[in-house]
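A.B. asks: Structure incoming, see below.
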Amino acid sequence: MNDILLKNINRPNSIEIETYLKDGGYKSLEKALKEYTSKEVVDIVQKSGLRGRGGAGFPTGKKWEFAAADKNTPRYLLCNADEGEPGTFKDRPIIEKDPHQLLEGIIISGYAIGAAACYIYIRGEYDYGAKVLEKAIAQAYDKGFLGKKILGKKFDYDIYVHKGAGAYVCGEETALIESLEGKRGQSRIKPPFPVNVGVWGKPTVINNVETLANVSHIIKNGPEWFAKMGPEKSPGPKIYSVSGHVNKPDNYELVMGTPLKDLIYKYAGGIKDGKNLKAVIPGGASTPVLKPEHIDVKMDYESVGAVGSMLGSGAVVVMDESVCMVGVARRLLKFFAHESCGKCSPCREGTHWLVQILDRITANEGSIEDIDLMLDICDNIKGKTFCPLGDGAINPVLSTIKHFREEYLMHIEEKRCPVGYQHSRWCL
């Protein structure tokens, strides 16, 4: 498959609007505004089968339909550029190297739902990306693609860049809204859902960067073109971020449903130094670990779910035989415990308890009861928090116990690390 979303990232001056216009940029916006009503654009995206690329995989057109049907105005679009999942770096090249592709998708999406403005919520660590976006937005205003009566139509629209403070929880849509409103970044209870009661109490659509970047291509080529790529329930191109113990870590844009085995061995060049594959995280740090016998799975929402994990953001973290899986669980739990916003006691307390238990197990000071204790703590977190951070945090523990229980037993019963590390500070 030829790149669609990443095709321009290595072009000279790819961030400039003139470069984008020479390649047919903003023609999809012109087509959408001049040939289709807002509702027809929503229908086209629904027909394409585009699903959110931020992790949940919710049908994009359906979300737009819910917001557009709400009579409460003004409506808003929020672009989630808070790419904070460990192992995930798929949105960054779009933001930093092809910003006008994203902006065109944002403007078409705003037209579709009848939004007054879009706020691009970008994580604080992406300072360069924020500057690229601000420059691109200024260029779009100068060319008449933003502002009043865009392309002579009765459509006024503005885009703003809002920098977050680097809190992982603000990748969750309601915490993102709270942060954008100037409050502490903590999740809201749902319902009501943002499509009806979102930012400033108004109907709000939150879409991920990669999701919005697809929109102009769907308008240009038609929904049937998009729907024919990949599985029927998960069509279109997908950017997979592959990292870890592979020879060629990188972003790979492939058809949704590409086998995980091909990602690792065909595209990412296989395992470094000729070592054996031990485990794979298929969709970012919050998704359950898979074993080598699972790598024939197709990388789409339904297929990955069927083998006990989640596609998530499509961030593939590959681990070889040198890795202690108890240490992996400990390292990831330290991240989640640090990033918990503290609003829900199961997540706030439970993640830190799990870290303490994993600390003593990796220090070879654990007891056999610790395994059941961790499972009990996970059970008291699962489904009992305002946002999915709690559910995501327990996945490293649950999946490593499920697939690598023998490594826990080695630390506990034999007082040694299965891969030879002597102390917890090296058990990473």
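Chain identifiers are assigned as A, B, and so on, following the order in which chains appear in the structure tokens; residues are numbered from 1 within each chain, and ligands are numbered from 1 in order of appearance.
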Can you tell me, as a ChimeraX atom specification, what residues are no more than 6 Å from A:Pro203 when counting only C-alpha atoms, ignoring any on the same chain fewer than 2 positions away?
C.D. replies: /A:67,75,195-198
A.B. asks: Write out as a compact mmCIF listing (two decimals) with all heavy atoms, in the first residue's frame each polymer residue whose atoms come within 12 Å of A:Gln139, counting only C-alpha atoms; drop sequence neighbours fewer than 3 positions from it.
C.D. replies:
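File produced: result_21.txt:
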# COMPACT_ATOMS: atom_id res chain seq x y z
N ILE A 15 5.95 21.59 5.57
CA ILE A 15 5.07 22.30 6.51
C ILE A 15 4.48 23.57 5.91
O ILE A 15 3.59 24.18 6.52
CB ILE A 15 5.80 22.63 7.83
CG1 ILE A 15 6.93 23.64 7.59
CG2 ILE A 15 6.31 21.37 8.50
CD1 ILE A 15 7.57 24.14 8.88
N GLU A 16 4.94 23.97 4.74
CA GLU A 16 4.49 25.22 4.13
C GLU A 16 3.19 25.00 3.35
O GLU A 16 3.02 23.98 2.68
CB GLU A 16 5.56 25.78 3.20
CG GLU A 16 6.89 26.08 3.88
CD GLU A 16 6.78 27.16 4.94
OE1 GLU A 16 5.88 28.02 4.82
OE2 GLU A 16 7.60 27.15 5.87
N ILE A 17 2.32 25.98 3.39
CA ILE A 17 1.02 25.85 2.72
C ILE A 17 1.17 25.79 1.20
O ILE A 17 0.40 25.10 0.52
CB ILE A 17 0.07 26.99 3.15
CG1 ILE A 17 -1.37 26.64 2.74
CG2 ILE A 17 0.51 28.33 2.58
CD1 ILE A 17 -2.42 27.55 3.36
N GLU A 18 2.18 26.47 0.66
CA GLU A 18 2.37 26.45 -0.80
C GLU A 18 2.73 25.04 -1.27
O GLU A 18 2.28 24.60 -2.34
CB GLU A 18 3.46 27.44 -1.21
CG GLU A 18 3.11 28.91 -0.95
CD GLU A 18 1.87 29.36 -1.71
OE1 GLU A 18 1.51 28.73 -2.74
OE2 GLU A 18 1.26 30.36 -1.30
N THR A 19 3.53 24.33 -0.48
CA THR A 19 3.87 22.95 -0.81
C THR A 19 2.62 22.09 -0.80
O THR A 19 2.40 21.25 -1.69
CB THR A 19 4.90 22.39 0.19
OG1 THR A 19 6.06 23.23 0.20
CG2 THR A 19 5.32 20.97 -0.18
N TYR A 20 1.79 22.29 0.20
CA TYR A 20 0.55 21.51 0.34
C TYR A 20 -0.41 21.82 -0.81
O TYR A 20 -1.04 20.92 -1.36
CB TYR A 20 -0.09 21.83 1.69
CG TYR A 20 -1.25 20.93 2.04
CD1 TYR A 20 -1.07 19.57 2.29
CD2 TYR A 20 -2.55 21.44 2.14
CE1 TYR A 20 -2.14 18.74 2.62
CE2 TYR A 20 -3.62 20.62 2.48
CZ TYR A 20 -3.41 19.28 2.72
OH TYR A 20 -4.47 18.47 3.04
N LEU A 21 -0.51 23.08 -1.19
CA LEU A 21 -1.42 23.47 -2.27
C LEU A 21 -0.99 22.88 -3.62
O LEU A 21 -1.83 22.48 -4.44
CB LEU A 21 -1.50 25.00 -2.37
CG LEU A 21 -2.23 25.71 -1.21
CD1 LEU A 21 -2.04 27.22 -1.32
CD2 LEU A 21 -3.71 25.36 -1.22
N PRO A 99 1.25 19.58 8.71
CA PRO A 99 0.19 20.18 9.52
C PRO A 99 -1.06 20.55 8.73
O PRO A 99 -2.17 20.52 9.27
CB PRO A 99 0.85 21.42 10.11
CG PRO A 99 1.93 21.79 9.12
CD PRO A 99 2.45 20.46 8.64
N HIS A 100 -0.89 20.90 7.45
CA HIS A 100 -2.06 21.33 6.67
C HIS A 100 -2.99 20.17 6.34
O HIS A 100 -4.20 20.38 6.16
CB HIS A 100 -1.61 22.06 5.40
CG HIS A 100 -1.06 23.43 5.68
ND1 HIS A 100 -1.88 24.50 6.00
CD2 HIS A 100 0.22 23.89 5.74
CE1 HIS A 100 -1.12 25.57 6.22
NE2 HIS A 100 0.14 25.23 6.07
N LEU A 103 -5.06 20.22 9.38
CA LEU A 103 -5.95 21.39 9.40
C LEU A 103 -7.10 21.24 8.41
O LEU A 103 -8.25 21.59 8.73
CB LEU A 103 -5.17 22.66 9.10
CG LEU A 103 -4.10 23.08 10.11
CD1 LEU A 103 -3.52 24.43 9.74
CD2 LEU A 103 -4.65 23.12 11.53
N VAL A 132 4.70 24.67 14.91
CA VAL A 132 4.41 24.35 13.50
C VAL A 132 2.92 24.55 13.21
O VAL A 132 2.54 25.14 12.18
CB VAL A 132 4.84 22.90 13.18
CG1 VAL A 132 4.31 22.47 11.81
CG2 VAL A 132 6.35 22.76 13.22
N LEU A 133 2.08 24.08 14.11
CA LEU A 133 0.64 24.23 13.93
C LEU A 133 0.21 25.69 13.93
O LEU A 133 -0.62 26.11 13.12
CB LEU A 133 -0.10 23.46 15.02
CG LEU A 133 -0.10 21.93 14.88
CD1 LEU A 133 -0.67 21.29 16.14
CD2 LEU A 133 -0.89 21.48 13.66
N GLU A 134 0.76 26.47 14.84
CA GLU A 134 0.40 27.89 14.91
C GLU A 134 0.79 28.61 13.62
O GLU A 134 0.02 29.45 13.12
CB GLU A 134 1.07 28.53 16.12
CG GLU A 134 0.43 28.11 17.44
CD GLU A 134 1.22 28.53 18.66
OE1 GLU A 134 2.40 28.92 18.50
OE2 GLU A 134 0.67 28.45 19.77
N LYS A 135 1.93 28.28 13.07
CA LYS A 135 2.35 28.89 11.80
C LYS A 135 1.42 28.46 10.68
O LYS A 135 1.00 29.28 9.84
CB LYS A 135 3.79 28.49 11.48
CG LYS A 135 4.30 29.06 10.15
CD LYS A 135 5.73 28.63 9.89
CE LYS A 135 6.21 29.16 8.53
NZ LYS A 135 7.61 28.74 8.23
N ALA A 136 1.08 27.16 10.64
CA ALA A 136 0.20 26.65 9.59
C ALA A 136 -1.19 27.27 9.68
O ALA A 136 -1.82 27.58 8.66
CB ALA A 136 0.10 25.12 9.70
N ASP A 142 -4.55 33.39 6.17
CA ASP A 142 -4.12 34.28 5.08
C ASP A 142 -4.71 33.86 3.74
O ASP A 142 -5.00 34.70 2.88
CB ASP A 142 -2.59 34.31 4.99
CG ASP A 142 -1.95 35.07 6.14
OD1 ASP A 142 -2.66 35.85 6.82
OD2 ASP A 142 -0.74 34.88 6.37
N LYS A 143 -4.89 32.56 3.54
CA LYS A 143 -5.41 32.05 2.27
C LYS A 143 -6.94 31.97 2.24
O LYS A 143 -7.52 31.56 1.24
CB LYS A 143 -4.83 30.65 2.00
CG LYS A 143 -3.33 30.64 1.73
CD LYS A 143 -2.98 31.27 0.40
CE LYS A 143 -1.51 31.11 0.08
NZ LYS A 143 -1.14 31.72 -1.23
N GLY A 144 -7.57 32.33 3.36
CA GLY A 144 -9.02 32.33 3.39
C GLY A 144 -9.66 30.98 3.72
O GLY A 144 -10.88 30.80 3.53
N PHE A 145 -8.85 30.04 4.22
CA PHE A 145 -9.40 28.74 4.60
C PHE A 145 -9.91 28.72 6.03
O PHE A 145 -10.53 27.75 6.46
CB PHE A 145 -8.33 27.65 4.42
CG PHE A 145 -7.84 27.51 3.00
CD1 PHE A 145 -6.48 27.54 2.70
CD2 PHE A 145 -8.74 27.34 1.95
CE1 PHE A 145 -6.03 27.42 1.40
CE2 PHE A 145 -8.30 27.21 0.65
CZ PHE A 145 -6.94 27.26 0.36
N LEU A 146 -9.65 29.78 6.76
CA LEU A 146 -10.16 29.96 8.12
C LEU A 146 -10.67 31.38 8.26
O LEU A 146 -10.28 32.27 7.51
CB LEU A 146 -9.07 29.68 9.16
CG LEU A 146 -8.68 28.22 9.40
CD1 LEU A 146 -7.43 28.14 10.26
CD2 LEU A 146 -9.83 27.45 10.05
N GLY A 147 -11.53 31.60 9.24
CA GLY A 147 -12.06 32.93 9.47
C GLY A 147 -13.53 33.06 9.06
O GLY A 147 -14.31 32.11 9.23
N ILE A 159 -9.55 28.15 14.49
CA ILE A 159 -8.78 27.08 15.12
C ILE A 159 -7.77 27.71 16.08
O ILE A 159 -7.10 28.69 15.75
CB ILE A 159 -8.03 26.22 14.08
CG1 ILE A 159 -9.01 25.54 13.11
CG2 ILE A 159 -7.18 25.15 14.78
CD1 ILE A 159 -8.33 24.71 12.03
A.B. asks: Restricting the calculation to only C-alpha atoms: of A:Glu365, A:Asp320, A:Glu293, A:Glu85, which residue gets closest to A:Gly244?
C.D. replies: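 Residue with the minimum atom-to-atom distance to A:Gly244: A:Asp320.
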A.B. asks: May I ask which of the residues A:Ser322, A:Thr385, A:Ser345, A:Gln186 is the closest one to A:Tyr168, counting only C-alpha atoms?
C.D. replies: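 The answer is A:Gln186, which sits nearest to A:Tyr168.
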A.B. asks: From a backbone DSSP assignment, name each residue in stretch 188-330 of chain A labelled strand (DSSP E or B), as a PyMOL selection string.
C.D. replies: chain A and resi 204-208+237-244+246+250-255+259+271+277-281+290+298+315-320
A.B. asks: Could you please determine the separation between atom CA of A:Pro396 and atom CA of A:Asn207 in Å, to one decimal place?
C.D. replies: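 Atom CA of A:Pro396 sits 26.4 Å away from atom CA of A:Asn207.
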A.B. asks: Mind the document's chain letters and residue numbers, and return as a PyMOL selection string the residues of stretch 17-158 of chain A that DSSP labels alpha helix (DSSP H).
C.D. replies: chain A and resi 17-22+27-35+38-48+60-69+91-97+99-113+127-142
A.B. asks: Can you pull out the residues contacting A:Leu212? Cut-off 7 Å, using only C-alpha atoms, and skip same-chain residues under 2 positions away; I want them as a count of residues only.
C.D. replies: 9
A.B. asks: As an exercise, work out the distance from atom CA of A:Gly308 to atom CA of A:Lys291 in Å and give it to one decimal place.
C.D. replies: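 Computing the Euclidean distance for atom CA of A:Gly308 and atom CA of A:Lys291 yields 10.7 Å.
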A.B. asks: For A:Val280, which of A:Gly305, A:Ile150, A:Gly383, A:Val317 is the closest residue, counting only C-alpha atoms?
C.D. replies: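 Checking each candidate against A:Val280, we get A:Val317 as the closest.
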A.B. asks: Excluding A:Ser179 and residues on its chain fewer than 6 positions from it, collect all residues at most 8 Å away from it, counting only C-alpha atoms, and give them as a count of residues only.
C.D. replies: 4
A.B. asks: Of the candidates A:Ile361, A:Met256, A:Pro74, A:Val323, which shows the shortest atom-to-atom distance to A:Pro418, using only C-alpha atoms?
C.D. replies: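 Counting only C-alpha atoms, the residue closest to A:Pro418 is A:Val323.
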A.B. asks: Have a look at atom CA of A:Arg92 and atom CA of A:Ile271 and let me know their distance in Å, one decimal.
C.D. replies: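 Value for the atom CA of A:Arg92-atom CA of A:Ile271 distance: 24.7 Å.
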A.B. asks: Please identify all polymer residues within 8 Å of stretch 27-40 of chain A, counting only C-alpha atoms, omitting same-chain residues fewer than 3 positions from it, and present them as a PyMOL selection string.
C.D. replies: chain A and resi 24+43-44+104-105+107-108+111-114+151+153+216-217+219-220
A.B. asks: Quick one: everything within 10 Å of A:Met319, counting only C-alpha atoms, minus sequence neighbours fewer than 4 positions away in the same chain. Send it as a ChimeraX atom specification.
C.D. replies: /A:243-246,271-272,275-281,291,323-325,328
A.B. asks: Need the shell around A:Ser286: protein/DNA/RNA residues with any atom at most 12 Å away, counting only C-alpha atoms. Skip same-chain ones fewer than 4 positions apart. Format as a compact mmCIF listing (two decimals) with N, CA, C and O atoms, in the first residue's frame?
C.D. replies:
# COMPACT_ATOMS: atom_id res chain seq x y z
N GLY A 55 -7.73 5.11 20.07
CA GLY A 55 -7.66 3.95 20.94
C GLY A 55 -8.99 3.24 21.11
O GLY A 55 -9.05 2.02 21.13
N ALA A 56 -10.08 4.00 21.23
CA ALA A 56 -11.38 3.39 21.50
C ALA A 56 -12.02 2.80 20.24
O ALA A 56 -12.81 1.86 20.32
N GLY A 84 0.15 10.73 24.67
CA GLY A 84 0.90 10.42 25.87
C GLY A 84 1.06 8.96 26.19
O GLY A 84 1.71 8.62 27.18
N GLU A 85 0.48 8.06 25.40
CA GLU A 85 0.58 6.64 25.69
C GLU A 85 2.01 6.16 25.42
O GLU A 85 2.53 6.32 24.32
N PRO A 86 2.69 5.57 26.41
CA PRO A 86 4.04 5.07 26.17
C PRO A 86 4.09 4.12 24.97
O PRO A 86 3.28 3.20 24.86
N GLY A 87 5.02 4.37 24.07
CA GLY A 87 5.14 3.58 22.86
C GLY A 87 4.45 4.19 21.66
O GLY A 87 4.61 3.70 20.54
N THR A 88 3.69 5.27 21.87
CA THR A 88 2.89 5.86 20.79
C THR A 88 3.56 7.13 20.26
O THR A 88 3.85 8.04 21.03
N TYR A 168 -0.78 12.57 31.35
CA TYR A 168 -1.28 11.45 30.55
C TYR A 168 -2.80 11.36 30.59
O TYR A 168 -3.45 11.06 29.58
N ILE A 281 3.58 -5.85 23.25
CA ILE A 281 2.45 -5.01 23.63
C ILE A 281 1.89 -4.45 22.33
O ILE A 281 2.57 -3.70 21.64
N PRO A 282 0.65 -4.79 21.94
CA PRO A 282 0.18 -4.46 20.59
C PRO A 282 -0.40 -3.07 20.39
O PRO A 282 -0.51 -2.61 19.25
N SER A 309 -6.30 -8.96 23.86
CA SER A 309 -5.67 -7.65 24.05
C SER A 309 -6.52 -6.60 23.34
O SER A 309 -7.69 -6.82 23.06
N MET A 310 -5.92 -5.45 23.04
CA MET A 310 -6.63 -4.36 22.36
C MET A 310 -5.70 -3.71 21.34
O MET A 310 -4.49 -3.63 21.56
N LEU A 311 -6.29 -3.22 20.25
CA LEU A 311 -5.49 -2.50 19.26
C LEU A 311 -5.01 -1.16 19.80
O LEU A 311 -3.90 -0.72 19.51
N GLY A 312 -5.85 -0.52 20.63
CA GLY A 312 -5.47 0.76 21.23
C GLY A 312 -5.04 1.77 20.19
O GLY A 312 -5.70 1.96 19.16
N SER A 313 -3.91 2.39 20.42
CA SER A 313 -3.39 3.40 19.50
C SER A 313 -2.57 2.78 18.37
O SER A 313 -2.12 3.50 17.47
N GLY A 314 -2.35 1.47 18.43
CA GLY A 314 -1.52 0.82 17.41
C GLY A 314 -0.04 0.95 17.70
O GLY A 314 0.78 0.81 16.79
N ALA A 315 0.32 1.16 18.96
CA ALA A 315 1.72 1.27 19.36
C ALA A 315 2.24 -0.11 19.73
O ALA A 315 1.84 -0.68 20.75
N VAL A 316 3.10 -0.66 18.91
CA VAL A 316 3.61 -2.02 19.07
C VAL A 316 4.97 -1.97 19.76
O VAL A 316 5.94 -1.45 19.19
N VAL A 317 5.04 -2.49 20.99
CA VAL A 317 6.29 -2.51 21.74
C VAL A 317 6.79 -3.95 21.78
O VAL A 317 6.12 -4.83 22.35
N ALA A 329 6.09 -5.21 34.09
CA ALA A 329 4.87 -4.82 34.82
C ALA A 329 5.18 -3.72 35.83
O ALA A 329 4.44 -2.74 35.95
N LEU A 332 5.85 -0.28 34.05
CA LEU A 332 4.62 0.33 33.54
C LEU A 332 3.72 0.81 34.67
O LEU A 332 3.10 1.87 34.57
N LEU A 333 3.65 0.03 35.76
CA LEU A 333 2.82 0.46 36.90
C LEU A 333 3.35 1.72 37.55
O LEU A 333 2.58 2.56 38.03
N PHE A 335 4.69 4.13 35.95
CA PHE A 335 4.18 5.20 35.08
C PHE A 335 2.73 5.52 35.40
O PHE A 335 2.35 6.68 35.60
N PHE A 336 1.89 4.50 35.45
CA PHE A 336 0.46 4.73 35.68
C PHE A 336 0.19 5.30 37.08
O PHE A 336 -0.68 6.16 37.24
N PRO A 388 -10.72 5.37 31.84
CA PRO A 388 -10.08 4.07 31.58
C PRO A 388 -8.65 3.95 32.09
O PRO A 388 -8.02 2.91 31.89
N LEU A 389 -8.10 5.00 32.72
CA LEU A 389 -6.71 4.89 33.18
C LEU A 389 -6.55 3.72 34.16
O LEU A 389 -5.58 2.95 34.09
N GLY A 390 -7.51 3.56 35.06
CA GLY A 390 -7.44 2.46 36.01
C GLY A 390 -7.45 1.11 35.33
O GLY A 390 -6.64 0.22 35.64
N ASP A 391 -8.38 0.93 34.38
CA ASP A 391 -8.46 -0.33 33.65
C ASP A 391 -7.19 -0.59 32.85
O ASP A 391 -6.72 -1.73 32.75
N GLY A 392 -6.63 0.47 32.26
CA GLY A 392 -5.39 0.32 31.50
C GLY A 392 -4.20 0.00 32.40
O GLY A 392 -3.33 -0.79 32.03
N ALA A 393 -4.19 0.58 33.60
CA ALA A 393 -3.06 0.39 34.51
C ALA A 393 -2.93 -1.06 34.97
O ALA A 393 -1.82 -1.54 35.21
N ILE A 394 -4.05 -1.76 35.11
CA ILE A 394 -3.97 -3.13 35.63
C ILE A 394 -3.63 -4.15 34.55
O ILE A 394 -3.25 -5.28 34.86
N ASN A 395 -3.73 -3.76 33.28
CA ASN A 395 -3.46 -4.71 32.21
C ASN A 395 -2.05 -5.28 32.22
O ASN A 395 -1.86 -6.49 31.97
N PRO A 396 -1.00 -4.48 32.48
CA PRO A 396 0.34 -5.09 32.55
C PRO A 396 0.45 -6.15 33.63
O PRO A 396 1.13 -7.17 33.43
N VAL A 397 -0.20 -5.95 34.77
CA VAL A 397 -0.15 -6.93 35.85
C VAL A 397 -0.94 -8.18 35.47
O VAL A 397 -0.43 -9.31 35.54
N LEU A 398 -2.19 -8.00 35.05
CA LEU A 398 -3.04 -9.15 34.73
C LEU A 398 -2.46 -9.99 33.60
O LEU A 398 -2.46 -11.23 33.68
N SER A 399 -1.96 -9.33 32.55
CA SER A 399 -1.50 -10.09 31.38
C SER A 399 -0.15 -10.76 31.64
O SER A 399 0.10 -11.87 31.14
A.B. asks: With only C-alpha atoms as the basis for distance, which of A:Glu224, A:Glu253, A:Glu349, A:Glu181 is at the shortest distance from A:Ile4?
C.D. replies: A:Glu253
A.B. asks: Find, counting only C-alpha atoms, the residue in A:Val161, A:Ile368, A:Ile264, A:Val242 that gets nearest to A:Cys79.
C.D. replies: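 The closest residue to A:Cys79 is A:Val161.
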